[in-house]
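Source file work_17.txt; content: compact mmCIF, C-alpha atoms.
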# COMPACT_ATOMS: atom_id res chain seq x y z
CA MET A 1 -1.79 -19.56 -42.45
CA ASN A 2 0.49 -21.11 -45.06
CA GLU A 3 2.82 -18.92 -47.09
CA THR A 4 6.26 -18.92 -48.61
CA ILE A 5 8.31 -15.98 -47.44
CA LYS A 6 11.23 -14.69 -49.48
CA THR A 7 14.47 -13.71 -47.83
CA GLY A 8 17.25 -11.47 -49.07
CA ASN A 9 18.60 -14.60 -50.76
CA ASP A 10 15.79 -15.93 -52.96
CA LEU A 11 17.59 -19.26 -53.28
CA VAL A 12 16.48 -20.15 -49.75
CA LYS A 13 12.70 -20.10 -49.31
CA ILE A 14 11.28 -20.59 -45.84
CA GLU A 15 7.63 -21.57 -45.48
CA ASN A 16 5.37 -20.26 -42.78
CA LYS A 17 3.01 -23.06 -41.74
CA ASP A 18 0.59 -21.69 -39.15
CA GLY A 19 3.31 -19.67 -37.46
CA LYS A 20 6.01 -22.36 -37.74
CA LEU A 21 8.96 -21.70 -40.04
CA MET A 22 9.91 -24.70 -42.18
CA VAL A 23 11.92 -25.58 -45.24
CA SER A 24 11.11 -28.31 -47.75
CA SER A 25 13.35 -31.36 -48.05
CA ARG A 26 13.30 -30.70 -51.82
CA VAL A 27 14.87 -27.25 -51.30
CA VAL A 28 17.51 -28.80 -49.05
CA ALA A 29 18.30 -31.50 -51.64
CA ASP A 30 18.56 -28.96 -54.44
CA ARG A 31 20.81 -26.49 -52.61
CA PHE A 32 23.14 -29.14 -51.22
CA GLU A 33 23.20 -30.89 -54.62
CA LYS A 34 21.80 -34.17 -53.36
CA GLN A 35 19.18 -36.58 -54.64
CA HIS A 36 15.85 -35.90 -52.95
CA LYS A 37 15.43 -39.59 -52.20
CA ASP A 38 18.79 -39.55 -50.39
CA VAL A 39 17.72 -36.58 -48.26
CA ILE A 40 14.49 -38.40 -47.39
CA ARG A 41 16.55 -41.47 -46.50
CA ASP A 42 18.78 -39.38 -44.21
CA ILE A 43 15.77 -37.76 -42.55
CA GLU A 44 14.13 -41.10 -41.89
CA LYS A 45 17.42 -42.50 -40.59
CA VAL A 46 17.69 -39.63 -38.09
CA SER A 47 14.04 -40.14 -37.18
CA THR A 48 14.64 -43.77 -36.21
CA GLN A 49 17.27 -42.56 -33.75
CA THR A 50 14.96 -39.96 -32.18
CA SER A 51 11.79 -40.38 -30.15
CA ALA A 52 8.49 -39.92 -31.96
CA GLU A 53 7.67 -36.92 -29.76
CA ASN A 54 10.89 -35.14 -30.73
CA CYS A 55 10.47 -36.02 -34.42
CA ALA A 56 7.08 -34.31 -34.46
CA ASN A 57 8.89 -31.03 -33.74
CA LEU A 58 11.66 -31.68 -36.29
CA PHE A 59 10.30 -33.33 -39.43
CA ILE A 60 6.72 -33.21 -40.73
CA GLU A 61 5.87 -35.65 -43.49
CA SER A 62 4.11 -33.95 -46.40
CA THR A 63 3.44 -34.34 -50.13
CA TYR A 64 3.86 -32.35 -53.33
CA LEU A 65 2.83 -32.74 -56.96
CA ASP A 66 5.58 -33.55 -59.44
CA SER A 67 5.65 -32.34 -63.07
CA TYR A 68 3.20 -35.12 -63.97
CA LYS A 69 0.76 -34.01 -61.24
CA ARG A 70 1.57 -37.09 -59.22
CA GLU A 71 1.65 -36.89 -55.46
CA GLN A 72 5.12 -37.46 -54.05
CA LYS A 73 6.48 -37.61 -50.53
CA GLN A 74 8.55 -34.85 -49.00
CA TYR A 75 9.37 -33.59 -45.50
CA LEU A 76 9.06 -30.14 -43.99
CA LEU A 77 11.94 -29.38 -41.64
CA THR A 78 11.83 -26.94 -38.74
CA ARG A 79 14.93 -24.94 -37.89
CA ASP A 80 16.01 -27.60 -35.39
CA GLY A 81 15.21 -30.38 -37.85
CA PHE A 82 17.31 -28.74 -40.56
CA SER A 83 20.21 -28.17 -38.13
CA LEU A 84 20.14 -31.81 -37.03
CA LEU A 85 20.05 -33.09 -40.61
CA ALA A 86 22.69 -30.67 -41.92
CA MET A 87 25.16 -31.79 -39.27
CA GLY A 88 25.94 -34.73 -41.56
CA PHE A 89 26.63 -32.55 -44.60
CA THR A 90 30.36 -31.86 -45.01
CA GLY A 91 32.59 -29.83 -47.27
CA ALA A 92 33.26 -26.14 -47.86
CA LYS A 93 30.27 -25.70 -50.14
CA ALA A 94 27.98 -27.45 -47.65
CA LEU A 95 29.18 -25.08 -44.91
CA GLU A 96 28.34 -22.11 -47.11
CA TRP A 97 24.78 -23.35 -47.62
CA LYS A 98 24.36 -24.13 -43.92
CA LEU A 99 25.14 -20.48 -43.15
CA LYS A 100 22.69 -19.30 -45.81
CA PHE A 101 19.90 -21.46 -44.39
CA ILE A 102 20.59 -20.27 -40.84
CA GLU A 103 20.57 -16.65 -42.07
CA ALA A 104 17.25 -17.27 -43.84
CA PHE A 105 15.66 -18.69 -40.68
CA ASN A 106 16.95 -15.71 -38.69
CA GLN A 107 15.51 -13.24 -41.19
CA MET A 108 12.14 -14.96 -41.21
CA GLU A 109 11.93 -15.06 -37.42
CA GLY A 110 12.69 -11.34 -37.37
CA GLU A 111 10.01 -10.72 -40.00
CA LEU A 112 7.39 -12.60 -37.99
CA ARG A 113 8.28 -10.66 -34.84
CA LYS A 114 7.80 -7.40 -36.75
CA ARG A 115 4.40 -8.57 -37.98
CA ASN A 116 3.27 -9.44 -34.48
CA GLN A 117 4.40 -6.16 -32.96
CA PRO A 118 2.05 -3.15 -33.19
CA HIS A 119 3.31 -0.17 -35.20
CA GLY A 120 3.76 3.36 -33.88
CA LYS A 121 0.16 4.46 -34.49
CA GLU A 122 -1.16 1.21 -33.07
CA LEU A 123 1.01 1.59 -29.97
CA LEU A 124 -0.28 5.14 -29.51
CA ALA A 125 -3.88 3.98 -29.94
CA LEU A 126 -3.34 1.20 -27.40
CA ALA A 127 -1.77 3.65 -24.95
CA VAL A 128 -4.69 6.09 -25.35
CA LEU A 129 -7.20 3.25 -24.91
CA GLU A 130 -5.45 2.01 -21.77
CA ALA A 131 -5.32 5.55 -20.36
CA GLN A 132 -9.03 6.00 -21.09
CA ARG A 133 -9.85 2.73 -19.34
CA THR A 134 -7.80 3.81 -16.32
CA ILE A 135 -9.57 7.19 -16.15
CA GLU A 136 -12.99 5.54 -16.46
CA ALA A 137 -12.14 3.04 -13.71
CA GLN A 138 -10.88 5.80 -11.40
CA THR A 139 -13.94 7.96 -12.13
CA ALA A 140 -16.27 5.06 -11.37
CA LEU A 141 -14.43 4.37 -8.11
CA LEU A 142 -14.65 8.03 -7.08
CA GLU A 143 -18.37 8.11 -7.86
CA GLU A 144 -18.86 4.93 -5.86
CA GLN A 145 -16.98 6.32 -2.86
CA LYS A 146 -18.34 9.86 -3.11
CA PRO A 147 -21.42 9.35 -0.88
CA LYS A 148 -19.31 7.69 1.80
CA VAL A 149 -16.71 10.46 1.66
CA ILE A 150 -19.34 13.20 1.93
CA PHE A 151 -21.07 11.54 4.84
CA ALA A 152 -17.86 10.60 6.61
CA ASP A 153 -16.68 14.21 6.33
CA ALA A 154 -19.98 15.38 7.78
CA VAL A 155 -19.33 13.58 11.07
CA SER A 156 -15.57 13.06 11.09
CA ALA A 157 -15.18 15.88 13.60
CA SER A 158 -18.17 14.84 15.67
CA HIS A 159 -17.26 13.99 19.23
CA THR A 160 -20.68 14.69 20.72
CA SER A 161 -23.94 12.83 20.62
CA ILE A 162 -26.92 14.22 18.73
CA LEU A 163 -30.64 13.64 18.71
CA ILE A 164 -32.13 11.28 16.14
CA GLY A 165 -33.97 14.26 14.64
CA GLU A 166 -30.65 16.04 14.12
CA LEU A 167 -29.24 12.94 12.42
CA ALA A 168 -32.26 12.98 10.08
CA LYS A 169 -31.42 16.58 9.12
CA ILE A 170 -27.82 15.66 8.28
CA LEU A 171 -29.02 12.74 6.19
CA ARG A 172 -31.53 14.90 4.34
CA GLN A 173 -28.91 17.57 3.61
CA ASN A 174 -26.80 14.89 1.97
CA GLY A 175 -29.46 13.46 -0.31
CA VAL A 176 -31.25 10.86 1.84
CA LYS A 177 -34.98 11.45 1.69
CA THR A 178 -35.99 11.11 5.31
CA GLY A 179 -37.29 13.00 8.30
CA GLN A 180 -37.34 12.43 12.03
CA ASN A 181 -40.48 10.26 12.12
CA ARG A 182 -39.43 8.23 9.11
CA LEU A 183 -35.96 7.64 10.58
CA PHE A 184 -37.48 6.52 13.90
CA GLU A 185 -39.72 4.11 12.02
CA TRP A 186 -36.76 2.71 10.02
CA MET A 187 -34.71 2.21 13.19
CA ARG A 188 -37.58 0.39 14.88
CA LYS A 189 -38.19 -1.80 11.85
CA ASN A 190 -34.52 -2.73 11.56
CA GLY A 191 -33.99 -3.58 15.21
CA TYR A 192 -32.10 -0.50 16.43
CA LEU A 193 -34.94 0.84 18.58
CA VAL A 194 -37.54 -1.06 20.59
CA ARG A 195 -40.76 -1.26 18.59
CA ARG A 196 -43.11 -2.83 21.12
CA LYS A 197 -45.37 -0.38 22.96
CA GLY A 198 -44.42 0.17 26.59
CA THR A 199 -42.09 2.13 28.83
CA ASP A 200 -39.08 1.23 26.70
CA TYR A 201 -40.72 2.18 23.36
CA ASN A 202 -38.23 3.97 21.08
CA MET A 203 -35.39 3.09 23.46
CA PRO A 204 -32.23 1.52 21.95
CA THR A 205 -32.23 -2.25 21.74
CA GLN A 206 -29.56 -4.14 23.64
CA ARG A 207 -27.82 -4.98 20.35
CA SER A 208 -27.47 -1.35 19.28
CA MET A 209 -26.29 -0.36 22.77
CA ASP A 210 -23.66 -3.10 22.65
CA GLN A 211 -22.53 -1.68 19.31
CA GLY A 212 -22.11 1.74 20.89
CA LEU A 213 -24.54 3.40 18.48
CA PHE A 214 -26.65 5.18 21.11
CA GLU A 215 -26.46 6.60 24.59
CA ILE A 216 -29.26 7.52 26.95
CA LYS A 217 -29.20 10.87 28.73
CA GLU A 218 -31.18 10.92 31.96
CA THR A 219 -32.51 14.21 33.30
CA SER A 220 -34.12 14.63 36.74
CA ILE A 221 -37.21 16.80 36.79
CA VAL A 222 -38.59 18.09 40.10
CA ARG A 223 -42.32 18.64 39.97
CA SER A 224 -44.38 21.16 41.93
CA ASP A 225 -45.34 18.47 44.40
CA ASP A 226 -41.63 17.84 45.04
CA SER A 227 -41.82 14.50 43.27
CA ILE A 228 -38.95 13.65 40.93
CA THR A 229 -39.28 12.04 37.56
CA ILE A 230 -36.51 10.82 35.30
CA ASN A 231 -36.67 11.89 31.66
CA LYS A 232 -34.70 9.67 29.25
CA THR A 233 -33.45 11.08 25.95
CA VAL A 234 -31.94 8.85 23.24
CA LYS A 235 -28.92 10.29 21.45
CA VAL A 236 -26.82 8.97 18.61
CA THR A 237 -23.14 8.70 19.50
CA GLY A 238 -20.33 9.82 17.18
CA LYS A 239 -19.76 6.18 16.30
CA GLY A 240 -23.48 5.76 15.65
CA GLN A 241 -23.58 8.83 13.41
CA ILE A 242 -20.81 7.43 11.21
CA TYR A 243 -22.47 3.99 11.21
CA PHE A 244 -25.91 5.21 10.10
CA ILE A 245 -24.56 7.78 7.65
CA ASN A 246 -22.38 5.19 5.90
CA LYS A 247 -25.22 2.67 5.92
CA LEU A 248 -27.91 4.99 4.63
CA GLY A 249 -25.77 7.25 2.48
CA THR A 250 -25.29 4.77 -0.37
CA GLN A 251 -27.79 3.92 -3.04
CA GLU A 252 -27.77 0.18 -2.32
CA ASN A 253 -28.57 0.82 1.36
CA ALA A 254 -31.03 3.66 0.75
CA LEU A 255 -33.53 4.18 3.54
CA VAL A 256 -36.59 2.05 2.89
CA VAL A 257 -39.43 1.83 5.35

As a first step, turn the structure in this file into structure tokens.
Amino acid sequence: MNETIKTGNDLVKIENKDGKLMVSSRVVADRFEKQHKDVIRDIEKVSTQTSAENCANLFIESTYLDSYKREQKQYLLTRDGFSLLAMGFTGAKALEWKLKFIEAFNQMEGELRKRNQPHGKELLALAVLEAQRTIEAQTALLEEQKPKVIFADAVSASHTSILIGELAKILRQNGVKTGQNRLFEWMRKNGYLVRRKGTDYNMPTQRSMDQGLFEIKETSIVRSDDSITINKTVKVTGKGQIYFINKLGTQENALVV
């Protein structure tokens, strides 16, 4: 964006060139009562004593159209470029104009800062928008954690083992569509229970036992012929209850058989 911004003193006009504040060498020559060609000479003399990289941030060569519509050379000076050039201008009147130029740059910088800062209503709107985003993010997080919280609460006080059928009931009460048979089938399919037919069918696999998810209760039964048989019952430990509830109680890990 290119524009000429007026200050409180209209005799000093600062130009805004894409966010950079500059003053024309012609304005400098006029206010300090110098020939424009002499100001250009002084600028180019300073430029020869400064690196090209530094000059690019001080003096920008430009053109303008004179009264005959002819293109003529001029320079645009940044605040630092003007300060460096004006160091060589002496006299009481020159000092007065130096102060006016510095004041003009200060005013323009303040004006640009005001433009770039949001106003009261904009600040309020931004604050409301940020608060809304925060609430939405917190709500989403709570919704995401809600299933885990519900299920964790359901077994947080559990210090005893339960049957797999009882675990299926807890899951069903908390929104997981399953029953005892379906849960058995899922556990076999996913390697928690032995799936091959035999004496160890539906017994915990070694992996799930190592994880502490199950325990096996053995009960001795004395028959009428005085023979004794051992009945094995698989139970889900407290750790196993929390494990399966957290795993199956979220949508992404929903029970699929």

Quick one, how far is CA of Phe89 (chain A) from CA of Ile43 (chain A)? 12.2 Å

Length of the CA of Tyr192 (chain A) to CA of Arg207 (chain A) vector [Å]: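 Taking CA of Tyr192 (chain A) as the start and CA of Arg207 (chain A) as the end point, the length is 7.3 Å.
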
Just the residues within 7 Å of Phe214 (chain A), please, counting all atoms listed in the file, with nothing from its chain fewer than 4 positions along; format it as a list in words.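 Answer for this query is Pro204, Ser208, Met209, Val234, Lys235, Val236, Thr237 and Gly240 of chain A.
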
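Note that CA of Gly249 (chain A) and CA of Gly175 (chain A) are 7.7 Å apart.
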
Considering only C-alpha atoms, return as a PDB file with C-alpha atoms, in the frame of the given file whatever protein or nucleic-acid residues lie within 12 Å of Glu166 (chain A), sequence-local ones (same chain, fewer than 3 positions apart) excluded.
ATOM      1  CA  VAL A 155     -19.330  13.580  11.070  1.00  0.00           C
ATOM      2  CA  SER A 161     -23.940  12.830  20.620  1.00  0.00           C
ATOM      3  CA  ILE A 162     -26.920  14.220  18.730  1.00  0.00           C
ATOM      4  CA  LEU A 163     -30.640  13.640  18.710  1.00  0.00           C
ATOM      5  CA  LYS A 169     -31.420  16.580   9.120  1.00  0.00           C
ATOM      6  CA  ILE A 170     -27.820  15.660   8.280  1.00  0.00           C
ATOM      7  CA  LEU A 171     -29.020  12.740   6.190  1.00  0.00           C
ATOM      8  CA  ARG A 172     -31.530  14.900   4.340  1.00  0.00           C
ATOM      9  CA  GLN A 173     -28.910  17.570   3.610  1.00  0.00           C
ATOM     10  CA  THR A 178     -35.990  11.110   5.310  1.00  0.00           C
ATOM     11  CA  GLY A 179     -37.290  13.000   8.300  1.00  0.00           C
ATOM     12  CA  GLN A 180     -37.340  12.430  12.030  1.00  0.00           C
ATOM     13  CA  ASN A 181     -40.480  10.260  12.120  1.00  0.00           C
ATOM     14  CA  LEU A 183     -35.960   7.640  10.580  1.00  0.00           C
ATOM     15  CA  PHE A 184     -37.480   6.520  13.900  1.00  0.00           C
ATOM     16  CA  VAL A 234     -31.940   8.850  23.240  1.00  0.00           C
ATOM     17  CA  LYS A 235     -28.920  10.290  21.450  1.00  0.00           C
ATOM     18  CA  VAL A 236     -26.820   8.970  18.610  1.00  0.00           C
ATOM     19  CA  THR A 237     -23.140   8.700  19.500  1.00  0.00           C
ATOM     20  CA  GLN A 241     -23.580   8.830  13.410  1.00  0.00           C
TER      21      GLN A 241
END

Proximity to Ser47 (chain A) - best of A:Gln72, A:Ala131, A:Leu85, A:Ile14, only C-alpha atoms: A:Leu85

Can you pull out every residue within 12 Å of Ala56 (chain A), counting only C-alpha atoms, but drop anything in the same chain fewer than 4 positions away, and send it as a VMD selection string? chain A and resid 47 50 to 52 60 to 61 75 to 78 80 to 81

Of A:Ile216, A:Ala140, A:Met187, A:Cys55, the one nearest to Leu84 (chain A) when counting all atoms listed in the file is A:Cys55
